[in-house]
Amino acid sequence: MPGIDQVLSQAMGIPGVLGAGLIDWTSGLTLGTAGRAPHADHEATAADTADVVQAVARNATFDTAGTTGPPLEDIIITTGGGYHLIRFVDTAFDSQTYLYLWLDRAQANLAVARLRLRELAAGLVSG
Amino acid sequence: MGLPIPDRPPASAGLLDRYAAEHVTGALRSPHGCFYLLDGAVYCVEGGTAPGLDARLRVSGKVPAHGWEAARTTAGPHHAGARYLVGEGWLTQGELELCHLAALLDAAFFALPLPPEATSFTPGTVHWLGVVRRVSAAALQRATAHRRALLDRWQPWATVDTCPVVPVEPPRSGAAATGRQRRLLASADGRSTPYELARVLGLSAFVTLLDIRRLAAAGLVHLPRGPAGALPRRRPGARPAERPAASGERPAPTWQLPVPELFETADPDIALLVRLRTALEENL
């Protein structure tokens, strides 16, 4: 049954992945990391991605009113050299975490990585 | 030549830092929470202000009402309470870790900093749940400071923290709430405070405070009335909302000011200034 560390180590098997993390976006607290982080700083990456997530999560604009599914799924940031994938972890209880994936653009397939990260986020809470 | 930049004053090392540096194992009891440490790292925090792991798992339907007590009584000398919860098939290891960390963060927020005069340390004490995941004392305090800064941006609306949440009826047009905020508004019975709503709904007390302050700023939740009999202070530039909107014009969005006596304003200048200030404070 996967815990945080197992899910992050599985995330490192996604093609083109450079690093992964699980972060609480209300505090920027890193709950787990694997692989590398931009500028070799997992803490700064957690703080910076948490800022992005907060900016999205506090706005009703991105909230799907009237649907039963999770309101937010992914945030994707593309740069010249890489992809930054953020996947919200949907839980039955109250929590504010996301899985973060840093990918090498030349090696990664964004669509594949997104689907794999979705599976991993689901696996974290369904076993 | 520029002026010398003064050295940052050394942050006074808190109690938690001191115990972390000594790599202690045991329980730190303070008025607002109990911190369990293993080798100097925090692995469990319990407090009365925020809903604990038990409330979160019970309200969400993850663990049946008797399950928590059963886990506690069967934990035994190996402190296997958490293993029992997972072993019964009520939740996955991932869920346990996520929920446990969420409860830990929330409880730590209301218990830090530890008051030295009212905190005691019991060496060797281990929580019956056992060690699920550990967080370093430094990371926990950084996370708590980050949360404090988020909440402080909405400090002018802090009067709603401890008062019953009363939604503004009918909801003002043009003010949109997130799904989470709509759920809070729907659950507000006019008697429950944000803390009580968090407990009943099994939600993070910190996020609930933040949401209620934002709702108050957006004018979707009433601000508590000031002390009876107190005369409203005149505020330069403030004027009552009496300017009629020109026919056919969209009504200008109004914002609730953090002054109970001056409930809201339709003056576009004041509304713009308040919006600007809120936006600036949000991006500080």
# chains A, B, ... in the order shown; residues from 1 in each chain; ligands from 1
>>> interface_residues(of="chain B", to="chain A", cutoff="7 Å", atoms="only C-alpha atoms", output="PDB file with C-alpha atoms, in the first residue's frame")
ATOM      1  CA  ARG B  56     -11.166  14.658  10.595  1.00  0.00           C
ATOM      2  CA  LEU B  57     -11.373  10.920   9.969  1.00  0.00           C
ATOM      3  CA  SER B  60     -15.229  12.414   6.583  1.00  0.00           C
ATOM      4  CA  THR B  92      -4.670   3.794   3.006  1.00  0.00           C
ATOM      5  CA  GLN B  93      -1.175   4.526   4.261  1.00  0.00           C
ATOM      6  CA  GLY B  94      -1.164   7.598   1.985  1.00  0.00           C
ATOM      7  CA  GLU B  95      -4.413   8.892   3.464  1.00  0.00           C
ATOM      8  CA  CYS B  99      -4.500  13.504   7.196  1.00  0.00           C
ATOM      9  CA  ALA B 102      -2.731  18.176   7.956  1.00  0.00           C
ATOM     10  CA  ALA B 139      10.399  23.281   8.786  1.00  0.00           C
ATOM     11  CA  ALA B 143       5.407  26.575   7.697  1.00  0.00           C
ATOM     12  CA  THR B 144       3.621  28.153  10.656  1.00  0.00           C
ATOM     13  CA  HIS B 146       4.085  31.277   6.306  1.00  0.00           C
ATOM     14  CA  ARG B 147       0.515  30.579   7.438  1.00  0.00           C
ATOM     15  CA  ALA B 176     -18.133  35.187  -5.844  1.00  0.00           C
ATOM     16  CA  ALA B 177     -17.160  32.574  -3.282  1.00  0.00           C
ATOM     17  CA  THR B 178     -15.146  29.391  -3.781  1.00  0.00           C
ATOM     18  CA  GLY B 179     -16.831  26.025  -3.297  1.00  0.00           C
ATOM     19  CA  GLY B 202     -13.823  18.396  10.185  1.00  0.00           C
ATOM     20  CA  LEU B 203     -12.026  21.231   8.379  1.00  0.00           C
ATOM     21  CA  SER B 204      -8.685  22.907   8.972  1.00  0.00           C
TER      22      SER B 204
END
>>> residues_around(residues="B:Glu169", least_positions_apart="5", cutoff="10 Å", atoms="only C-alpha atoms", output="CSV table (one decimal) with C-alpha atoms, in the first residue's frame")
chain,number,residue,atom,x,y,z
B,220,LEU,CA,-20.6,38.0,2.3
B,221,VAL,CA,-20.4,37.7,6.1
B,222,HIS,CA,-21.5,40.3,8.6
>>> atom_distance(atom1="atom CA of A:Glu119", atom2="atom CA of A:Arg87")
10.2 Å
>>> select_by_dssp(residues="chain A", states="strand (DSSP E or B)", output="ChimeraX atom specification")
/A:17-24,29-35,74-78,82-88,97-104
>>> write_last_selection(atoms="C-alpha atoms", output="tab-separated table (two decimals), in the first residue's frame")
chain	number	residue	atom	x	y	z
A	17	VAL	CA	11.28	13.44	-14.77
A	18	LEU	CA	13.95	15.41	-12.93
A	19	GLY	CA	12.34	15.69	-9.52
A	20	ALA	CA	9.12	15.33	-7.56
A	21	GLY	CA	7.58	16.54	-4.32
A	22	LEU	CA	4.46	16.57	-2.18
A	23	ILE	CA	3.68	19.97	-0.71
A	24	ASP	CA	1.07	21.61	1.53
A	29	LEU	CA	5.71	22.72	3.88
A	30	THR	CA	7.40	19.92	1.95
A	31	LEU	CA	5.93	16.58	3.00
A	32	GLY	CA	8.30	14.58	0.81
A	33	THR	CA	10.74	14.94	-2.09
A	34	ALA	CA	12.51	12.76	-4.64
A	35	GLY	CA	15.16	13.51	-7.26
A	74	ASP	CA	-3.77	20.46	-12.51
A	75	ILE	CA	-1.68	23.55	-12.98
A	76	ILE	CA	0.87	23.27	-15.79
A	77	ILE	CA	3.71	25.72	-16.33
A	78	THR	CA	5.85	25.31	-19.43
A	82	GLY	CA	11.11	22.17	-18.77
A	83	TYR	CA	7.64	21.47	-17.57
A	84	HIS	CA	6.34	22.07	-14.06
A	85	LEU	CA	3.30	19.93	-13.26
A	86	ILE	CA	1.12	20.48	-10.22
A	87	ARG	CA	-1.55	17.93	-9.39
A	88	PHE	CA	-4.03	18.51	-6.56
A	97	THR	CA	-1.69	19.19	-0.80
A	98	TYR	CA	-0.41	18.80	-4.34
A	99	LEU	CA	2.05	16.57	-6.13
A	100	TYR	CA	4.74	18.49	-7.99
A	101	LEU	CA	6.72	17.15	-10.95
A	102	TRP	CA	9.69	18.81	-12.65
A	103	LEU	CA	10.34	17.47	-16.15
A	104	ASP	CA	13.02	17.86	-18.79
>>> closest_residue(among="A:Asp90, A:Arg105, A:Asp48, A:Gly80", to="A:Arg118", atoms="only C-alpha atoms")
A:Asp90
>>> select_by_dssp(residues="chain A", states="alpha helix (DSSP H)", output="PyMOL selection string")
chain A and resi 4-11+42-57+110-126
